[in-house]
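Engineer: My file is query-v9.csv. It has CSV, C-alpha atoms and all ligand atoms:
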chain,number,residue,atom,x,y,z
Y,26,MET,CA,0.0,0.0,0.0
Y,27,LYS,CA,1.4,3.4,-1.0
Y,28,ASN,CA,0.3,6.4,1.2
Y,29,ILE,CA,-0.2,9.4,-1.0
Y,30,ALA,CA,-0.4,13.1,-0.2
Y,31,ILE,CA,-2.2,15.2,-2.9
Y,32,LEU,CA,-1.3,18.9,-2.7
Y,33,GLY,CA,-3.8,20.7,-4.8
Y,34,SER,CA,-6.4,18.0,-4.6
Y,35,THR,CA,-9.4,20.1,-5.8
Y,36,GLY,CA,-7.7,21.1,-9.1
Y,37,SER,CA,-7.7,19.2,-12.3
Y,38,ILE,CA,-4.6,17.1,-11.6
Y,39,GLY,CA,-5.7,16.6,-8.0
Y,40,ARG,CA,-9.2,15.3,-9.0
Y,41,ASN,CA,-7.7,13.0,-11.7
Y,42,THR,CA,-5.2,11.7,-9.0
Y,43,LEU,CA,-8.1,10.8,-6.7
Y,44,GLU,CA,-9.8,9.0,-9.6
Y,45,VAL,CA,-6.7,6.9,-10.0
Y,46,ILE,CA,-6.6,6.1,-6.3
Y,47,ARG,CA,-10.3,5.2,-6.4
Y,48,ASN,CA,-9.4,2.7,-9.1
Y,49,PHE,CA,-6.8,0.9,-7.0
Y,50,PRO,CA,-8.1,0.7,-3.4
Y,51,GLY,CA,-5.8,-2.1,-2.5
Y,52,LYS,CA,-2.6,-0.4,-3.7
Y,53,LEU,CA,-3.0,3.4,-3.2
Y,54,ARG,CA,-4.4,5.4,-0.3
Y,55,ALA,CA,-4.9,9.2,0.0
Y,56,VAL,CA,-3.5,10.0,3.5
Y,57,ALA,CA,-3.2,13.8,3.0
Y,58,LEU,CA,-5.2,16.3,1.0
Y,59,SER,CA,-4.7,20.0,0.6
Y,60,ALA,CA,-6.4,22.8,-1.3
Y,61,ASN,CA,-6.0,26.5,-1.7
Y,62,CYS,CA,-9.5,27.8,-1.0
Y,63,ASN,CA,-12.1,25.4,-2.3
Y,64,ALA,CA,-13.4,24.2,1.0
Y,65,GLY,CA,-16.6,22.7,-0.4
Y,66,VAL,CA,-14.9,20.3,-2.8
Y,67,LEU,CA,-12.2,19.5,-0.3
Y,68,TYR,CA,-14.8,18.6,2.3
Y,69,ALA,CA,-16.5,16.2,-0.1
Y,70,GLN,CA,-13.1,14.6,-0.8
Y,71,ILE,CA,-12.4,14.3,2.9
Y,72,LYS,CA,-15.7,12.5,3.5
Y,73,GLU,CA,-14.9,10.0,0.7
Y,74,PHE,CA,-11.2,9.3,1.3
Y,75,ASN,CA,-10.9,9.9,5.0
Y,76,PRO,CA,-7.3,11.2,5.0
Y,77,GLY,CA,-5.6,11.7,8.4
Y,78,LEU,CA,-4.0,14.9,7.3
Y,79,VAL,CA,-5.7,17.9,5.7
Y,80,CYS,CA,-4.6,21.4,4.9
Y,81,LEU,CA,-6.5,24.4,3.6
Y,82,LYS,CA,-4.3,27.3,2.6
Y,83,GLU,CA,-6.6,30.2,2.8
Y,84,GLU,CA,-7.0,31.0,6.5
Y,85,SER,CA,-10.6,32.4,6.5
Y,86,ALA,CA,-11.9,29.3,4.7
Y,87,ALA,CA,-9.8,27.1,7.0
Y,88,LEU,CA,-11.4,28.5,10.1
Y,89,LYS,CA,-14.8,27.5,8.7
Y,90,LEU,CA,-13.7,24.0,7.7
Y,91,GLU,CA,-11.9,23.1,10.9
Y,92,PRO,CA,-15.0,22.5,13.2
Y,93,ARG,CA,-16.5,20.2,10.6
Y,94,LEU,CA,-13.6,17.7,10.6
Y,95,LYS,CA,-13.3,14.6,12.8
Y,96,SER,CA,-11.2,15.0,15.9
Y,97,THR,CA,-8.7,12.5,14.7
Y,98,THR,CA,-7.9,14.5,11.6
Y,99,LEU,CA,-4.7,16.6,11.8
Y,100,PHE,CA,-5.6,19.9,10.3
Y,101,PHE,CA,-3.1,22.5,8.9
Y,102,LYS,CA,-3.6,26.0,7.7
Y,103,GLY,CA,-1.8,28.4,5.4
Y,104,GLN,CA,1.5,28.0,3.5
Y,105,ARG,CA,3.4,27.2,6.7
Y,106,GLY,CA,0.9,24.5,7.5
Y,107,LEU,CA,1.4,23.0,4.1
Y,108,GLU,CA,5.1,23.0,4.5
Y,109,GLU,CA,4.7,21.2,7.8
Y,110,MET,CA,2.2,18.6,6.6
Y,111,VAL,CA,4.2,17.5,3.6
Y,112,GLN,CA,7.0,16.2,5.9
Y,113,ASP,CA,4.7,13.9,7.9
Y,114,ARG,CA,6.0,10.4,8.4
Y,115,ARG,CA,2.7,8.8,7.2
Y,116,ILE,CA,3.3,10.1,3.7
Y,117,ASP,CA,5.3,7.9,1.2
Y,118,LYS,CA,4.7,9.9,-1.9
Y,119,VAL,CA,3.7,13.5,-2.6
Y,120,VAL,CA,1.7,14.5,-5.6
Y,121,LEU,CA,2.5,18.2,-6.1
Y,122,ALA,CA,-0.3,19.6,-8.1
Y,123,ILE,CA,-0.3,23.2,-6.9
Y,124,THR,CA,0.0,25.8,-9.7
Y,125,GLY,CA,2.6,28.5,-9.8
Y,126,SER,CA,5.6,29.5,-7.8
Y,127,ALA,CA,3.8,28.9,-4.5
Y,128,ALA,CA,4.8,25.2,-4.9
Y,129,LEU,CA,8.6,25.9,-4.6
Y,130,THR,CA,9.1,26.0,-0.9
Y,131,VAL,CA,6.7,23.1,-0.4
Y,132,LEU,CA,8.6,21.0,-2.9
Y,133,LEU,CA,11.9,21.8,-1.2
Y,134,LYS,CA,10.4,20.6,2.2
Y,135,ALA,CA,9.2,17.4,0.6
Y,136,ILE,CA,12.6,16.7,-0.9
Y,137,GLU,CA,14.5,17.6,2.3
Y,138,SER,CA,12.4,15.0,4.1
Y,139,GLY,CA,13.3,12.4,1.5
Y,140,LYS,CA,9.8,12.0,0.1
Y,141,GLU,CA,9.2,10.7,-3.4
Y,142,VAL,CA,7.6,13.5,-5.3
Y,143,ALA,CA,5.2,13.0,-8.3
Y,144,LEU,CA,5.6,16.4,-9.8
Y,145,ALA,CA,2.9,18.2,-11.8
Y,146,ASN,CA,3.9,21.7,-11.0
Y,147,LYS,CA,6.4,23.2,-13.5
Y,148,GLU,CA,7.1,26.6,-12.1
Y,149,ALA,CA,9.2,25.4,-9.2
Y,150,LEU,CA,11.7,23.6,-11.5
Y,151,VAL,CA,11.7,26.6,-13.9
Y,152,MET,CA,12.6,29.0,-11.1
Y,153,ALA,CA,15.1,26.9,-9.1
Y,154,GLY,CA,15.8,23.7,-11.1
Y,155,ASN,CA,19.5,23.6,-10.1
Y,156,ILE,CA,18.8,23.9,-6.4
Y,157,ILE,CA,15.9,21.4,-6.5
Y,158,MET,CA,17.9,18.7,-8.4
Y,159,ARG,CA,21.0,19.2,-6.2
Y,160,LYS,CA,18.9,18.8,-3.0
Y,161,ALA,CA,17.0,15.8,-4.4
Y,162,SER,CA,20.3,14.0,-5.2
Y,163,ARG,CA,21.6,14.8,-1.7
Y,164,SER,CA,18.5,13.5,0.1
Y,165,LYS,CA,18.0,10.7,-2.4
Y,166,ALA,CA,14.4,11.9,-3.0
Y,167,LYS,CA,13.1,10.8,-6.3
Y,168,ILE,CA,11.2,13.2,-8.6
Y,169,ILE,CA,8.8,11.5,-11.0
Y,170,PRO,CA,7.1,13.7,-13.6
Y,171,ILE,CA,3.4,13.7,-14.0
Y,172,ASP,CA,3.2,16.2,-16.9
Y,173,SER,CA,2.5,14.0,-20.0
Y,174,GLU,CA,5.5,15.2,-22.0
Y,175,GLN,CA,8.0,14.8,-19.1
Y,176,SER,CA,6.5,11.5,-18.2
Y,177,ALA,CA,7.0,10.4,-21.8
Y,178,ILE,CA,10.7,11.5,-21.9
Y,179,TRP,CA,11.3,9.9,-18.5
Y,180,GLN,CA,9.8,6.6,-19.7
Y,181,CYS,CA,12.0,6.7,-22.9
Y,182,LEU,CA,15.1,7.4,-20.9
Y,183,LYS,CA,14.4,4.9,-18.1
Y,184,ASN,CA,16.7,2.1,-19.4
Y,185,GLU,CA,19.2,4.4,-21.2
Y,186,ASN,CA,22.3,6.3,-20.3
Y,187,GLY,CA,21.4,10.0,-20.3
Y,188,LYS,CA,24.7,10.9,-21.9
Y,189,LYS,CA,23.8,9.2,-25.2
Y,190,VAL,CA,20.9,11.6,-25.9
Y,191,ARG,CA,21.2,13.4,-29.2
Y,192,LYS,CA,17.9,15.2,-29.1
Y,193,ILE,CA,14.6,15.4,-27.2
Y,194,TYR,CA,11.5,16.0,-29.2
Y,195,LEU,CA,9.0,17.8,-26.9
Y,196,THR,CA,5.7,17.5,-28.6
Y,197,ALA,CA,2.9,20.2,-28.4
Y,198,SER,CA,-0.6,20.1,-29.6
Y,199,GLY,CA,-0.2,23.7,-30.7
Y,200,GLY,CA,-3.1,24.8,-28.5
Y,201,PRO,CA,-6.4,26.3,-29.5
Y,202,PHE,CA,-4.9,29.0,-31.7
Y,203,ARG,CA,-2.6,27.0,-34.0
Y,204,GLY,CA,-3.0,28.3,-37.5
Y,205,LYS,CA,-4.7,31.6,-36.5
Y,206,SER,CA,-3.5,34.8,-38.0
Y,207,ARG,CA,-1.9,37.6,-36.0
Y,208,GLN,CA,-5.0,39.7,-36.7
Y,209,GLU,CA,-7.2,36.9,-35.3
Y,210,LEU,CA,-5.0,36.6,-32.2
Y,211,LYS,CA,-5.6,40.2,-31.3
Y,212,LYS,CA,-9.3,39.4,-30.7
Y,213,ILE,CA,-8.9,36.3,-28.5
Y,214,SER,CA,-11.3,36.2,-25.6
Y,215,VAL,CA,-10.6,34.5,-22.2
Y,216,LYS,CA,-13.2,31.9,-23.0
Y,217,GLU,CA,-11.5,31.0,-26.3
Y,218,ALA,CA,-8.1,30.8,-24.6
Y,219,LEU,CA,-9.5,28.3,-22.0
Y,220,ARG,CA,-10.9,26.0,-24.6
Y,221,HIS,CA,-8.0,23.6,-25.3
Y,222,PRO,CA,-8.5,21.2,-28.2
Y,223,LYS,CA,-7.0,18.1,-26.5
Y,224,TRP,CA,-6.7,18.5,-22.7
Y,225,ARG,CA,-9.1,19.8,-19.9
Y,226,MET,CA,-6.9,21.8,-17.6
Y,227,GLY,CA,-6.9,24.6,-15.0
Y,228,PRO,CA,-7.0,28.2,-16.2
Y,229,LYS,CA,-3.3,29.1,-15.8
Y,230,ILE,CA,-2.0,26.2,-17.8
Y,231,SER,CA,-4.7,26.6,-20.4
Y,232,VAL,CA,-3.6,30.1,-21.2
Y,233,ASP,CA,0.0,29.0,-21.1
Y,234,SER,CA,-0.8,26.3,-23.6
Y,235,ALA,CA,-2.6,28.8,-25.9
Y,236,ASP,CA,0.5,31.1,-26.3
Y,237,LEU,CA,3.0,28.2,-26.1
Y,238,MET,CA,4.5,29.5,-22.8
Y,239,ASN,CA,3.6,26.2,-21.4
Y,240,LYS,CA,5.9,24.5,-23.9
Y,241,GLY,CA,8.6,27.0,-23.0
Y,242,LEU,CA,8.3,26.2,-19.3
Y,243,GLU,CA,8.4,22.5,-20.2
Y,244,VAL,CA,11.7,23.1,-22.1
Y,245,LEU,CA,13.2,24.6,-18.9
Y,246,GLU,CA,11.7,21.9,-16.8
Y,247,ALA,CA,13.1,19.1,-19.0
Y,248,MET,CA,16.6,20.6,-18.9
Y,249,HIS,CA,16.7,20.1,-15.2
Y,250,LEU,CA,14.8,16.8,-14.9
Y,251,PHE,CA,17.0,15.1,-17.5
Y,252,GLY,CA,20.2,17.1,-17.4
Y,253,VAL,CA,20.0,18.1,-21.1
Y,254,GLU,CA,20.9,21.5,-22.6
Y,255,ALA,CA,18.1,23.6,-24.1
Y,256,GLU,CA,19.7,23.3,-27.6
Y,257,LYS,CA,19.1,19.6,-27.6
Y,258,ILE,CA,15.4,20.0,-26.8
Y,259,LYS,CA,13.3,20.6,-29.9
Y,260,VAL,CA,9.6,21.6,-29.7
Y,261,LEU,CA,7.5,19.8,-32.3
Y,262,ILE,CA,3.9,20.7,-33.0
Y,263,HIS,CA,1.9,17.5,-33.2
Y,264,PRO,CA,-1.8,18.3,-33.3
Y,265,GLN,CA,-3.1,14.8,-32.6
Y,266,SER,CA,-1.3,14.6,-29.2
Y,267,ILE,CA,-0.8,10.9,-29.5
Y,268,ILE,CA,3.0,11.0,-29.2
Y,269,HIS,CA,3.7,12.6,-25.9
Y,270,SER,CA,7.4,13.1,-26.5
Y,271,MET,CA,10.4,11.3,-28.1
Y,272,VAL,CA,14.1,10.9,-27.4
Y,273,GLU,CA,16.7,10.5,-30.2
Y,274,PHE,CA,19.8,8.7,-29.2
Y,275,GLU,CA,23.3,9.0,-30.6
Y,276,ASP,CA,22.9,6.0,-32.9
Y,277,GLY,CA,19.9,7.6,-34.6
Y,278,VAL,CA,17.3,5.5,-32.8
Y,279,ILE,CA,14.2,7.3,-31.6
Y,280,LEU,CA,12.0,6.1,-28.7
Y,281,ALA,CA,8.6,7.6,-28.4
Y,282,GLN,CA,5.8,7.2,-25.8
Y,283,LEU,CA,2.3,7.1,-27.2
Y,284,SER,CA,-1.2,6.9,-25.6
Y,285,ILE,CA,-4.6,8.5,-25.8
Y,286,THR,CA,-4.8,11.9,-24.2
Y,287,ASP,CA,-5.9,11.2,-20.7
Y,288,MET,CA,-4.0,12.6,-17.7
Y,289,ARG,CA,-4.9,9.6,-15.6
Y,290,ILE,CA,-2.4,7.6,-17.6
Y,291,PRO,CA,0.8,9.6,-16.6
Y,292,ILE,CA,-0.6,10.2,-13.1
Y,293,GLN,CA,-1.2,6.4,-12.6
Y,294,TYR,CA,2.3,5.5,-13.7
Y,295,ALA,CA,3.9,8.2,-11.5
Y,296,LEU,CA,2.0,6.6,-8.6
Y,297,THR,CA,2.4,2.9,-9.3
Y,298,TYR,CA,5.9,2.9,-11.1
Y,299,PRO,CA,7.5,0.5,-11.8
Y,300,GLU,CA,4.3,-1.4,-12.0
Y,301,ARG,CA,1.9,-1.0,-15.0
Y,302,LEU,CA,-1.6,-1.8,-13.8
Y,303,ASP,CA,-4.7,-2.5,-15.9
Y,304,ASN,CA,-7.0,0.6,-15.7
Y,305,GLY,CA,-9.5,-0.3,-18.3
Y,306,LEU,CA,-8.5,2.8,-20.4
Y,307,ALA,CA,-8.3,2.4,-24.2
Y,308,GLY,CA,-5.1,2.2,-26.2
Y,309,VAL,CA,-4.6,4.1,-29.4
Y,310,ASP,CA,-6.7,3.2,-32.4
Y,311,PHE,CA,-4.2,3.9,-35.2
Y,312,CYS,CA,-6.5,3.2,-38.1
Y,313,GLU,CA,-9.1,5.5,-36.6
Y,314,ILE,CA,-6.6,8.3,-36.4
Y,315,GLY,CA,-5.1,7.5,-39.8
Y,316,ARG,CA,-2.1,9.9,-39.5
Y,317,LEU,CA,0.2,11.7,-37.2
Y,318,ASP,CA,1.2,15.2,-38.3
Y,319,PHE,CA,4.2,17.3,-37.3
Y,320,GLU,CA,5.2,21.0,-37.9
Y,321,GLU,CA,7.5,23.7,-36.6
Y,322,PRO,CA,6.2,26.0,-33.9
Y,323,ASP,CA,5.6,29.5,-35.2
Y,324,LEU,CA,7.8,31.7,-33.0
Y,325,ARG,CA,6.7,34.9,-34.7
Y,326,LYS,CA,3.1,34.4,-33.8
Y,327,PHE,CA,3.9,32.8,-30.4
Y,328,PRO,CA,7.0,34.7,-29.1
Y,329,CYS,CA,6.6,33.2,-25.5
Y,330,LEU,CA,8.4,30.0,-26.6
Y,331,GLY,CA,11.3,32.0,-27.9
Y,332,LEU,CA,11.5,34.0,-24.6
Y,333,ALA,CA,11.7,30.7,-22.7
Y,334,TYR,CA,14.6,29.5,-24.8
Y,335,ARG,CA,16.3,32.9,-24.2
Y,336,ALA,CA,15.8,32.4,-20.4
Y,337,ALA,CA,17.2,28.9,-20.7
Y,338,LYS,CA,20.3,30.2,-22.5
Y,339,GLU,CA,21.0,33.2,-20.2
Y,340,SER,CA,19.9,31.1,-17.2
Y,341,GLY,CA,20.6,32.3,-13.6
Y,342,THR,CA,17.7,34.3,-12.3
Y,343,LEU,CA,16.2,34.9,-15.8
Y,344,PRO,CA,13.9,31.9,-15.9
Y,345,ALA,CA,12.4,32.9,-12.5
Y,346,VAL,CA,11.8,36.4,-13.9
Y,347,LEU,CA,10.2,35.0,-17.1
Y,348,ASN,CA,7.9,32.8,-14.9
Y,349,ALA,CA,6.9,35.5,-12.4
Y,350,ALA,CA,6.1,38.0,-15.2
Y,351,ASN,CA,4.1,35.4,-17.0
Y,352,GLU,CA,2.1,34.5,-13.9
Y,353,ILE,CA,1.1,38.1,-13.4
Y,354,CYS,CA,0.3,38.6,-17.1
Y,355,VAL,CA,-1.9,35.4,-17.2
Y,356,GLU,CA,-3.8,36.6,-14.2
Y,357,ALA,CA,-4.3,40.0,-15.8
Y,358,PHE,CA,-5.5,38.5,-19.0
Y,359,LEU,CA,-7.9,36.2,-17.2
Y,360,SER,CA,-9.4,39.1,-15.3
Y,361,GLY,CA,-9.7,41.2,-18.5
Y,362,VAL,CA,-7.0,43.8,-17.7
Y,363,ILE,CA,-4.7,43.0,-20.7
Y,364,LYS,CA,-5.2,41.4,-24.1
Y,365,PHE,CA,-3.9,38.0,-25.0
Y,366,VAL,CA,-1.4,39.4,-27.5
Y,367,ALA,CA,0.0,41.8,-24.9
Y,368,ILE,CA,1.5,39.0,-22.8
Y,369,PRO,CA,4.8,38.3,-24.5
Y,370,GLY,CA,5.7,42.0,-24.9
Y,371,ILE,CA,5.3,42.7,-21.2
Y,372,ILE,CA,7.4,39.6,-20.3
Y,373,GLU,CA,10.1,40.5,-22.7
Y,374,LYS,CA,10.4,44.1,-21.4
Y,375,ILE,CA,10.8,42.9,-17.9
Y,376,MET,CA,13.4,40.3,-18.9
Y,377,ASP,CA,15.3,43.1,-20.8
Y,378,SER,CA,15.5,45.2,-17.7
Y,379,HIS,CA,16.5,42.4,-15.3
Y,380,LYS,CA,20.1,42.2,-14.2
Y,381,VAL,CA,20.7,38.4,-14.3
Y,382,ILE,CA,22.5,36.8,-11.3
Y,383,LEU,CA,24.3,33.6,-12.4
Y,384,GLN,CA,24.2,30.6,-10.1
Y,385,PRO,CA,21.8,32.2,-7.7
Y,386,GLU,CA,21.0,31.1,-4.2
Y,387,LEU,CA,17.4,30.5,-3.2
Y,388,ASP,CA,16.9,34.0,-1.7
Y,389,GLU,CA,18.3,35.6,-4.8
Y,390,ILE,CA,15.8,33.7,-6.9
Y,391,LEU,CA,12.9,34.7,-4.6
Y,392,ARG,CA,14.0,38.3,-4.8
Y,393,ALA,CA,14.1,38.2,-8.6
Y,394,ASP,CA,10.7,36.6,-8.5
Y,395,SER,CA,9.1,39.3,-6.4
Y,396,TRP,CA,10.9,42.1,-8.3
Y,397,ALA,CA,9.5,40.7,-11.6
Y,398,ARG,CA,6.0,40.5,-10.1
Y,399,GLY,CA,6.2,44.1,-9.0
Y,400,GLU,CA,7.4,45.2,-12.5
Y,401,ALA,CA,4.7,43.1,-14.2
Y,402,CYS,CA,1.9,44.5,-12.0
Y,403,ARG,CA,3.0,48.0,-12.9
Y,404,ALA,CA,3.2,47.1,-16.6
Y,405,VAL,CA,-0.2,45.4,-16.8
Y,406,ASN,CA,-1.9,48.4,-15.2
Y,407,ASN,CA,-0.3,50.9,-17.6
R,1,MG,MG,2.4,19.1,-20.8
Take the structure I supplied and represent it as structure tokens, if you would.

Structural biologist:
Amino acid sequence: MKNIAILGSTGSIGRNTLEVIRNFPGKLRAVALSANCNAGVLYAQIKEFNPGLVCLKEESAALKLEPRLKSTTLFFKGQRGLEEMVQDRRIDKVVLAITGSAALTVLLKAIESGKEVALANKEALVMAGNIIMRKASRSKAKIIPIDSEQSAIWQCLKNENGKKVRKIYLTASGGPFRGKSRQELKKISVKEALRHPKWRMGPKISVDSADLMNKGLEVLEAMHLFGVEAEKIKVLIHPQSIIHSMVEFEDGVILAQLSITDMRIPIQYALTYPERLDNGLAGVDFCEIGRLDFEEPDLRKFPCLGLAYRAAKESGTLPAVLNAANEICVEAFLSGVIKFVAIPGIIEKIMDSHKVILQPELDEILRADSWARGEACRAVNN
């Protein structure tokens, strides 16, 4: 029996994780659940899964939830509470499905206490990948990716020597606006940006997928997870989203991982690895699909991907700045303050005015993050 903590259990990845756990009651158990502010959904999950540990981040919602819990439930509040809960000895594996940079300190606590982490959050690795990977190797904490592309690369590399990698093909569906003209992109509404053709996801990652920033963050993430330079990672638009990524080795052989688009598949493998368990989900019907298409990403229409490559190349604190500015811009777009096409320009301006610190410590990364947030808030309100 594996005892699982799900941080961000009311979000899209969290709910899919609970569905996987529901599928394997003899193998997996949810022992800890956390949410940001959605007390209603969290309470329903508590009633069904009966976890011994619960955390609600938002304090006012937490005060209302606490009296409704059983006296045997250990209840935590706020960011500090979350950082404390994640280290509990009852937890074997942590599913980190919190969006944004808020996940960074929690991830570090999980790693320091030697937990295996199934990682869905990308922002933490983007901001502080070197520090995270160094700490993980020191505490022997394993990081297993949940993101479909990273899971695919990880599975392709599992039995190989990382040094023999010639290229990684990071596939992308292209998002809802693939093939749209620049003129059309100017009129994009929030609703359109949230309607992804292949995946149902939370609002932040849906917008990131629409302007290809998501793929850029994945490039930065893959660099750290697999120890590969950005120049070796090639983004490939693959609209059918059947190949979730590929690795080319030095002898010209390419391994790919394929499946239907269903997040429960990479989540399940991250939880049950090295076992592959029958989940009743369908395989790929190749004759039904007929063909698999590929094309180059259009960096002129989707500059965010180029900005992420620049951040990868210049490294240091620049990826954290890119990420922070992006988080603010996405929020501003979602609340109707800026247009969709304004996002890359604002991020680029902030990157231009940042003095990069190479090989930063954690506090320097956090300072760069909050500096970029301040700059981005000013820029979106202008
Ligand atoms: Mg992905």

Engineer: Of the candidates Y:Asp113, Y:Glu83, Y:Glu243, Y:Asp388, which one gets nearest to ligand MG 1 (chain R) if we count only C-alpha atoms and all ligand atoms?

Structural biologist: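 Distance minimum relative to ligand MG 1 (chain R) lands on Y:Glu243.
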
Engineer: For Ala393 in chain Y, list every protein, DNA or RNA residue within 9 Å, evaluated using all atoms listed in the file, and leave out those in the same chain fewer than 6 positions away; present the list as a list in words.

Structural biologist: Thr342, Leu343, Ala345, Val346, Ala349, His379, Val381 and Ile382 of chain Y

Engineer: For ligand MG 1 (chain R), list the contacting residues at 10 Å or closer, counting all atoms listed in the file, as a list in words.

Structural biologist: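 Every residue with an atom at most 10 Å from ligand MG 1 (chain R) is listed here: Ala145, Lys147, Ile171, Asp172, Ser173, Glu174, Gln175, Ser176, Ala177, Leu195, Thr196, Ala197, Ser198, Trp224, Ile230, Ser234, Asn239, Lys240, Leu242, Glu243, His269, Ser270 and Met288 of chain Y.
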
Engineer: Any idea what's packed within 6 Å of range 310-322 of chain Y, counting all atoms listed in the file, ignoring anything in its chain fewer than 5 positions away? Could you give it as a ChimeraX atom specification?

Structural biologist: /Y:261-263

Engineer: Please tell me which residues are no farther than 12 Å from (-8.7, 40.5, -30.2) in the file, counting all atoms listed in the file, and write them as a list in words.

Structural biologist: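 I get Lys205, Ser206, Arg207, Gln208, Glu209, Leu210, Lys211, Lys212, Ile213, Ser214, Val215, Glu217, Ala218, Phe358, Gly361, Ile363, Lys364, Phe365, Val366 and Ala367 of chain Y for the residues within 12 Å of that point.
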
Engineer: Y:Thr42, Y:Asn63, Y:Ser231, Y:Thr97: which is nearest Glu356 in chain Y, counting all atoms listed in the file?

Structural biologist: Y:Ser231

Engineer: Just want the 12 Å neighbourhood of Ser164 in chain Y, counted on only C-alpha atoms, with same-chain residues fewer than 4 positions away dropped. Output as a list of chain:residue names.

Structural biologist: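 The neighbour list is Y:Leu133, Y:Lys134, Y:Ala135, Y:Ile136, Y:Glu137, Y:Ser138, Y:Gly139, Y:Lys140, Y:Glu141, Y:Ile157, Y:Met158, Y:Arg159, Y:Lys160, Y:Ile168.
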
Engineer: Rounded to one decimal place, report the CA of Ile169 in chain Y-CA of Gly252 in chain Y distance in Å.

Structural biologist: 14.2 Å

Engineer: Please tabulate, as a tab-separated table, the residues of range 264-324 of chain Y that come within 9 Å of range 46-54 of chain Y, each with its closest pair of atoms and the distance in Å to one decimal, counting all atoms listed in the file and ordering rows by chain, then residue number upward.

Structural biologist:
residue	atom	partner	partner_atom	distance
Y:Gln293	CA	Y:Ile46	CA	8.3
Y:Leu296	CA	Y:Leu53	CA	8.0
Y:Thr297	CA	Y:Leu53	CA	8.2
Y:Leu302	CA	Y:Phe49	CA	9.0
Y:Asn304	CA	Y:Asn48	CA	7.3

Engineer: Residues at most 9 Å from Phe100 in chain Y, counting all atoms listed in the file, excluding those fewer than 2 positions away in the same chain, as a ChimeraX atom specification?

Structural biologist: /Y:77-81,87,91,94,98,102,106,110
